[in-house]
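**Student:** What follows is a structure written as structure tokens; I'll ask about it next.
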Amino acid sequence: MYRIVLLDDEDFILDGLKQLINWEEWGFQIDATFKKPRLAIEYISQNHIDLLISDIRMPDLTGIEVLHELKRRRITDTRVMMLSGYAEFTYALEALRFGVKDYLLKPVDRQLLLDTLISMKEDLDKFYNVADLADSHPEGYYQAIVDNVKAYLDKEYAQATLDQAALLVALSPNYVSKVFKQVTGMKFSEYLQIVKMKHAEKMLLDINLKIYQVSYAVGYDNPKNFTRAFKQFFGLTPWEYREAGCT
Amino acid sequence: MNSQIIGIRRRFFITSLAKYMLMLLVPIISLSSVIGWVLNNQVPSMVREHSESLFAVSSLSLDTLFKELLQPKIFIEANPEMHISLLQYLEQEATDEKTKQNMLRLSHYLDTTRVSRNYIHSMYIAKEGAPYMLMNGERIRFLQMLDNSWLNQYLTLPEDNFYIFQRNLRAYSFEKEGIPVITLIYVTKYHELLVINLFHSYFSHFLQSLTQYDNEAIWVSDGKGSILSENWTATLIPEQVKMKAFAYGENHSDFENNYQLTMKQLDNGALILYSLIPKAVLNASSIIILRITVISVLLAIFVSFILSLVFTRKSYLQINKIVELFEQNLQHPISPIDLKISDTQRDPFYYILEQVISLYVNQAHLHADLLQNSYQLIRARLAALQYQINPHFIFNTLQMIDIQISKDVSNSKLANHMIQEFSRLLRYSLEDPTTLVPLSQEIEMTKTFIKLFQYRNTGALQVFWYYEDEAIESVNSIRMLFQPLIENVISHSISKLDSRPITVRIRLAPRNEYLLCSVIDNGCGVSAERLEQIRKRIDESNCELQNQIGLVNVNTRLSLSFSMASALKINSKPEHGFAIFFSIPYAQTSGNSVRMENDTF
């Protein structure tokens with residue numbers, strides 16, 4: 001487990017962050033939470049902390065000043081993730097200058113947070129030479145993920161996104177994509193495309209539906225894109241296909 | 001208009017009028033005074049000299065005439081043999097052959113002389129006490145001579161060798177009056193009398209022919225002042241004047257001022273030729289010139305007055321206009337476009353003036369603009385202060401809501417997702433409005449907006465996009481471009497509780513350097529009057545009407561960002577929805593520098 005310190009001037013947010021995801025499931029544990037930046041700095045100096053998740057705007061010290069202080073104290077093995085309510089370019093630039101790789105905006109997107117955490121864990125694993133724990137999952141685990149995703153796609157193909165699918169299975173989109181490719185041999189987007197085209201094919205035979213209605217029904221708000229995708233898939237345009245199907 | 005300005009105008013008018021008058025009058029008056037001086041002082045003496053020289057020539061011809069009349073006398077005296085023969089011929093009846101021959105020659109000569117000179121009436125040669133006389137070369141008895149009045153006059157005159165007088169010649173007894181003649185009597189060496197009668201009328205004509213001027217009186221008197229001949233004009237002159245003229249010749253006493261008298265003695269003072277010219281006649285031409293000069297000076301004054309008036313009026317109007325412009329501008333700043341004083345391309349002075357004024361007005365206008373702008377800026381800042389709640393507060397609140405929902409709701413995934421989407425849209429809309437974003441990003445955010453709308457109104461709104469991905473690649477757009485347009489459709493159609501779904505079609509197609517965009521819906525639309533109202537508000541950038549604030553806003557931002565006069569073209573028909581058209585330039589032609597932003601932040 002990698003150790004995390006949360007720093008925010010609001011209790012409510014600190015609590016919320018703790019409960020936002022199941023940290024342990026992703027290989028992290030919340031070591032401590034602080035409202036005062038100076039206390040957090042002291043704590044980090046005395047304990048080995050892998051990750052600091054800090055708000056950028058606090059009344060006492062700003063997140064940037066915390067970074068500065070950590071750097072001054074030569075604490076380099078603690079990675080930092082900044083949280084900001086509002087994107088401000090100057091803050092972002094300064095944070096980048098201090099080597100902050102991740103910058104999350106409030107309200108924190110679980111998906112994005114998970115993605116960031118997963119890639120950070122991979123990074124840390126590499127750094128500490130730890131074997132990938134994910135490989136130890138049983139075969140049925142991956143299949144279950146894929147089945148769930150497939151069920152979702154068959155139902156919600158019109159609006160489906162990788163983000164939504166990942167949300168459904170409580171995993172990061174990157175991870176879902178990787179697992180999906182491993183198990184099915186095709187990309188998430190390719191599978192989604194097939195589902196959409198199958199449905200479109202069926203709908204095209206109903207001559208009461210206009211082409212744009214069909215394209216909208218399968219999730220294309222730009223009928224041109226639908227036409228292109230359809231032609232790529234079947235080798236025929238929707239009109240040609242419809243004519244061929246009717247005769 | 002205050003009295004000071006009116007005073008300035010009046011003074012300007014008077015001074016410029018005076019200037020023009022002065023400019024025109026000075027040369028005219030100086031020229032005319034030079035002409036007048038010359039006419040008054042130089043010309044009369046010139047005329048006098050001229051007339052005198054002319055008179056000298058005239059008198060010469062009279063002199064010649066008298067010299068010619070001397071010839072018979074010279075002919076006789078130069079030939080002594082002839083002279084002796086003549087004496088014999090007059091004294092004795094019997095003549096020898098030689099005398100006959102000589103007389104034949106003489107009479108031939110006399111006849112030739114008389115006939116060849118048509119002013120000679122007749123010629124006699126007589127001798128005191130001689131029984132015979134020659135009449136035109138023919139010998140007659142002295143007593144037979146009918147015309148003897150010359151003899152009577154001759155006898156009354158004191159002794160001399162030349163006589164001249166006027167008389168009436170009666171050649172025939174039946175003549176009562178006779179012919180007026182001038183008789184010249186030359187006395188030869190041997191006291192013969194050579195009498196030559198000249199036609200008086202010829203003389204009068206001759207004298208008349210000598211006149212150089214109208215009303216010139218010419219007359220000839222003998223050495224004692226009695227008048228022999230005169231032209232017609234001279235007959236009108238009273239005797240005393242002629243006497244006075246004679247006296248003037250004698251002792252150079254004063255003569256009348258109004259006349260110019262010229263005289264010439266002929267034949268050693270035996271004859272005097274007079275010429276009397278009224279000065280008025282002499283100076284007639286100069287008087288005419290003087291008159292013309294005076295008239296032209298008056299005319300020039302009049303014309304110069306008119307011209308000055310015209311020019312001054314023109315300048316006055318210009319000045320008036322300029323003053324008015326300044327005044328107007330002080331009260332209500334005018335637009336520099338209105339500034340066209342007049343068509344003065346030909347007038348460099350006014351061109352310069354106009355430039356100066358337009359510079360001034362432009363500056364004043366700019367100043368006013370600046371004031372207005374800074375005022376607007378302050379207003380905008382105040383508005384921003386009022387409306388823009390600290391974004392950090394908003395996002396922190398959203399974060400809390402997100403967390404709270406996760407706590408309270410068992411399946412909060414959709415709610416969390418919606419909060420995420422909404423936050424994204426909100427953040428996007430709060431970014432610096434002066435920077436452009438790639439059109440693809442704007443489209444993506446618009447889709448987010450549509451999705452959020454669809455969560456609460458399932459099936460009420462369908463939006464179709466028609467574009468090629470390549471067509472929008474290099475296009476930069478303002479933020480929140482489509483959202484207000486879709487909002488417009490929603491506000492006009494969906495609130496009407498119409499069950500049928502509203503379809504919006506958004507087409508993006510490249511044309512030349514622009515991407516043409518159309519947003520067409522099949523909603524309720526608006527009536528023609530309402531449409532006109534909306535268009536007017538958009539033209540005036542009038543945000544008063546809450547419903548149209550989005551359209552006005554988009555129009556203003558589009559035209560500001562892409563330097564277009566009017567960005568949105570709006571059409572609508574009841575039951576046919578709206579059709580909104582606009583165009584976005586491709587990035588290369590955009591005047592604004594585009595800062596590409598990373599959406600991650």
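Labels for the structure tokens follow display order: chains A, B, ..., residues from 1 in each chain, ligands from 1.
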Determine, using only C-alpha atoms, which residues of chain B have any atom at most 7 Å from an atom of chain A, and tabulate each with its shortest atom pair and distance in Å to one decimal place, rows ordered by chain and then rising number, as a Markdown table.

**Tutor:**
| residue | atom | partner | partner_atom | distance |
| --- | --- | --- | --- | --- |
| B:Pro391 | CA | A:Tyr86 | CA | 6.1 |
| B:His392 | CA | A:Gly85 | CA | 4.8 |
| B:Phe395 | CA | A:Gly85 | CA | 4.9 |
| B:Asn396 | CA | A:Gly85 | CA | 5.9 |
| B:Leu398 | CA | A:Pro107 | CA | 5.8 |
| B:Gln399 | CA | A:Pro107 | CA | 4.0 |
| B:Met400 | CA | A:Ile13 | CA | 6.3 |
| B:Asp402 | CA | A:Pro107 | CA | 6.9 |
| B:Ile403 | CA | A:Gly16 | CA | 5.0 |
| B:Gln420 | CA | A:Asp109 | CA | 6.3 |
| B:Val463 | CA | A:Asp221 | CA | 6.5 |
| B:Phe464 | CA | A:Asp221 | CA | 4.7 |
| B:Trp465 | CA | A:Asn222 | CA | 4.3 |
| B:Tyr466 | CA | A:Asn222 | CA | 5.3 |
| B:Tyr467 | CA | A:Lys224 | CA | 6.9 |
| B:Phe601 | CA | A:Ala87 | CA | 5.4 |

**Student:** Pick out the residues sitting within 7 Å of region 281-289 of chain B, and hand them over as a ChimeraX atom specification; count only C-alpha atoms, and ignore anything fewer than 5 positions along from it in its own chain.

**Tutor:** /B:39,44,47,214

**Student:** What residues in region 19-203 of chain A get the DSSP label strand (DSSP E or B)? Please answer as a list of chain:residue names.

**Tutor:**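 Across region 19-203 of chain A, those assigned strand (DSSP E or B) are A:Phe28, A:Gln29, A:Ile30, A:Asp31, A:Ala32, A:Thr33, A:Phe34, A:Leu51, A:Leu52, A:Ile53, A:Ser54, A:Asp55, A:Arg79, A:Val80, A:Met81, A:Met82, A:Leu83, A:Ser84, A:Asp102, A:Tyr103, A:Leu104, A:Leu105.
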
**Student:** Pick out the residues sitting within 6 Å of region 434-443 of chain B, and hand them over as a list of chain:residue names; count only C-alpha atoms, and ignore anything fewer than 5 positions along from it in its own chain.

**Tutor:**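 Residues near the query, excluding close chain neighbours: B:Val475, B:Asn476, B:Ser477, B:Ile478, B:Val594.
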